[in-house]
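Q: Here's a structure for you.
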Amino acid sequence: MHHAGNKFCADCGTPEPKWVSSSLGVFICIKCSGVHRSLGVHISKVVSVKLDEWTDEQVDSLENLGGNTLLNKKYEACLPSNIKKPKPHSSIEERSDYIRKKYELLQFIECDDNLSYQIVPSQGRSSSLAHINSACYNSFMDKKLFEKHPTKHRIGHAFRNSWGRKDSEHKSSKKSTSLAGMVEFVGLIKVNVVKGTHLAVRDVMTSDPYVILSLGHQSVKTRVIKNNLNPVWNESLMLSIPENIPPLKVLVYDKDTFSTDDFMGEAEIDIQPLVLAAIAYEKSTINESMQLGKFVASKDNTLVRDGIISLDDGKIKQEISVRLQNVERGVLEIELECVPLTQ
């Protein structure tokens, strides 16, 4: 983080970026992070410098990628003169267009326009990659730009002293549609999928459940827990909150190896009360922990009990227990935290 190039967003130059694409290796600002999330985790997996915890393996992987300066030399190697890089004040449309060209379509990677060669794009990449020149692409891959650089003292050491760690990291997937990159975001929601209780049986005697969370055009999912009708995930996932706040959709599935995954229930959670409480708190001078409101359980919603919105150590949180719908049984416990864009 202390390396000079990492003190500015790799895509727009905003100072002090607080987010990282752990898969690409670039430090990015909160506005650009929303566009990166819309690319899908198969291209860019966005995590927080401060809010997320990091394993040693993740830190090692990130430092080996080299940081903003090195990676911009790769992804912006042949940036055309008619393409302007976004600025800190640029619109979401400008950011989205540039970031997609840079990382998804790989349009700025060095190539020779005089040569043309059809290649098969890798899974998850656009078919536009078929027009990248393979001869110069291979040549470029051989350059020192792609070699492993000794960056331990530039990046890794600082991370180990300043970032938290966690015991395990699990992949999240489900590609979001491109529309998400064109949406203004008002904040972030951190969803901790705590556990499921008395879930439905889908594999003779048990199930292999996992949870998908969707907010607007974004989707993420938990890991699969084998042979368990009362799974404990305790897994935190992050989603950007669109300006027109949609409900948080929760889907539970049973993982099958040789057939389509089986449906195990669904629920919708209205996150507007939580977001409004967070906005009110930002404008207030309240410091002490207290209850800010609650989402009352009733026959008209899926809550098992009232969802209390509380201020705890400067964080706006809500504990939710939902009864899964369109299934014979099952309850899911979730903890929500609204994170302002300033973090």
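Numbering starts fresh at 1 for the residues of each chain in the structure tokens, the chains themselves are lettered A, B, ... in the order given, and ligands are numbered from 1 as they appear.
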Would you pick out the contacts of Leu199 of chain A at 6 Å or less, using only C-alpha atoms, so that residues sharing its chain but fewer than 6 positions from it are not included, and give the list as a short mmCIF file (atom, residue, chain, number, x, y, z; two decimals) with all heavy atoms, in the first residue's frame?
A:
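File produced: result_9.cif:
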data_model
loop_
_atom_site.label_atom_id
_atom_site.label_comp_id
_atom_site.auth_asym_id
_atom_site.auth_seq_id
_atom_site.Cartn_x
_atom_site.Cartn_y
_atom_site.Cartn_z
N LEU A 229 -28.01 -30.10 7.04
CA LEU A 229 -29.29 -29.40 6.99
C LEU A 229 -29.32 -28.21 7.94
O LEU A 229 -30.28 -27.44 7.95
CB LEU A 229 -30.44 -30.35 7.32
CG LEU A 229 -30.61 -31.55 6.37
CD1 LEU A 229 -31.77 -32.42 6.83
CD2 LEU A 229 -30.82 -31.08 4.94
N ARG A 329 -39.58 -26.03 4.12
CA ARG A 329 -39.08 -25.60 5.43
C ARG A 329 -37.73 -24.91 5.27
O ARG A 329 -37.14 -24.92 4.20
CB ARG A 329 -38.92 -26.80 6.38
CG ARG A 329 -37.82 -27.76 5.95
CD ARG A 329 -37.81 -29.02 6.77
NE ARG A 329 -36.54 -29.72 6.63
CZ ARG A 329 -36.32 -30.97 7.05
NH1 ARG A 329 -37.31 -31.64 7.60
NH2 ARG A 329 -35.14 -31.54 6.91
N GLY A 330 -37.27 -24.31 6.36
CA GLY A 330 -35.94 -23.71 6.37
C GLY A 330 -35.91 -22.26 6.82
O GLY A 330 -36.76 -21.45 6.44
#
Q: Please identify all polymer residues within 9 Å of Ser33 of chain A, counting only C-alpha atoms, omitting same-chain residues fewer than 2 positions from it, and present them as a list in words.
A: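 Answer for this query is Trp19, Val20, Ser21, Ile28, Cys29, Ile30, Lys31, Val35, His36, Arg37, Ser38, Val46, Val47 and Ser240 of chain A.
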Q: Write a file of the selected residues as a tab-separated table (two decimals), in the first residue's frame, keeping C-alpha atoms.
A:
chain	number	residue	atom	x	y	z
A	19	TRP	CA	-10.35	-1.13	-2.42
A	20	VAL	CA	-8.38	-3.78	-4.27
A	21	SER	CA	-9.12	-6.13	-7.13
A	28	ILE	CA	-9.03	1.23	-6.89
A	29	CYS	CA	-11.37	3.87	-5.47
A	30	ILE	CA	-14.91	3.28	-4.25
A	31	LYS	CA	-16.51	4.56	-7.48
A	35	VAL	CA	-17.75	-1.01	-11.98
A	36	HIS	CA	-15.22	-3.74	-11.17
A	37	ARG	CA	-17.89	-5.66	-9.25
A	38	SER	CA	-20.16	-5.53	-12.28
A	46	VAL	CA	-13.13	-6.64	-5.24
A	47	VAL	CA	-12.16	-6.60	-1.57
A	240	SER	CA	-22.74	-2.18	-3.85
Q: For Gly314 of chain A, find every residue with an atom within 12 Å (counting only C-alpha atoms), except residues of its own chain fewer than 3 positions away, and show them as a list in words.
A: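 Selected residues are Ala278, Tyr281, Glu282, Ser284, Thr285, Ile286, Asn287, Glu288, Ser289, Met290, Ser310, Leu311, Lys317, Glu337, Cys338, Val339, Pro340 and Gln343 of chain A.
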Q: So which residues touch Val193 of chain A within 8 Å, counting only C-alpha atoms, skipping near sequence neighbours fewer than 5 positions away, as a VMD selection string?
A: chain A and resid 222 233 to 237 332 to 335
Q: Hey, can you spit out that residue selection with N, CA, C and O atoms as a JSON list (two decimals), in the first residue's frame?
A:
[["chain", "number", "residue", "atom", "x", "y", "z"],
["A", 222, "THR", "N", -22.06, -18.03, -1.49],
["A", 222, "THR", "CA", -21.24, -18.63, -0.44],
["A", 222, "THR", "C", -20.62, -19.93, -0.94],
["A", 222, "THR", "O", -20.92, -20.41, -2.03],
["A", 233, "TRP", "N", -22.24, -21.08, 7.82],
["A", 233, "TRP", "CA", -21.30, -20.48, 6.86],
["A", 233, "TRP", "C", -20.43, -19.42, 7.54],
["A", 233, "TRP", "O", -19.24, -19.42, 7.40],
["A", 234, "ASN", "N", -21.09, -18.51, 8.25],
["A", 234, "ASN", "CA", -20.40, -17.36, 8.84],
["A", 234, "ASN", "C", -19.47, -16.72, 7.82],
["A", 234, "ASN", "O", -18.29, -16.47, 8.07],
["A", 235, "GLU", "N", -20.02, -16.45, 6.64],
["A", 235, "GLU", "CA", -19.25, -15.97, 5.50],
["A", 235, "GLU", "C", -19.75, -14.59, 5.07],
["A", 235, "GLU", "O", -20.94, -14.40, 4.81],
["A", 236, "SER", "N", -18.85, -13.62, 5.01],
["A", 236, "SER", "CA", -19.20, -12.25, 4.67],
["A", 236, "SER", "C", -19.00, -11.98, 3.18],
["A", 236, "SER", "O", -17.95, -12.31, 2.63],
["A", 237, "LEU", "N", -19.98, -11.34, 2.56],
["A", 237, "LEU", "CA", -19.94, -10.98, 1.15],
["A", 237, "LEU", "C", -20.34, -9.51, 1.01],
["A", 237, "LEU", "O", -21.15, -9.01, 1.78],
["A", 332, "LEU", "N", -33.03, -18.94, 7.53],
["A", 332, "LEU", "CA", -31.68, -18.45, 7.27],
["A", 332, "LEU", "C", -31.42, -17.24, 8.16],
["A", 332, "LEU", "O", -32.25, -16.33, 8.24],
["A", 333, "GLU", "N", -30.27, -17.23, 8.81],
["A", 333, "GLU", "CA", -29.88, -16.11, 9.66],
["A", 333, "GLU", "C", -28.77, -15.31, 8.97],
["A", 333, "GLU", "O", -27.76, -15.88, 8.56],
["A", 334, "ILE", "N", -29.00, -13.99, 8.89],
["A", 334, "ILE", "CA", -28.09, -13.11, 8.16],
["A", 334, "ILE", "C", -27.84, -11.85, 8.98],
["A", 334, "ILE", "O", -28.75, -11.34, 9.65],
["A", 335, "GLU", "N", -26.61, -11.34, 8.94],
["A", 335, "GLU", "CA", -26.26, -10.07, 9.57],
["A", 335, "GLU", "C", -25.91, -9.07, 8.48],
["A", 335, "GLU", "O", -25.09, -9.37, 7.60]]
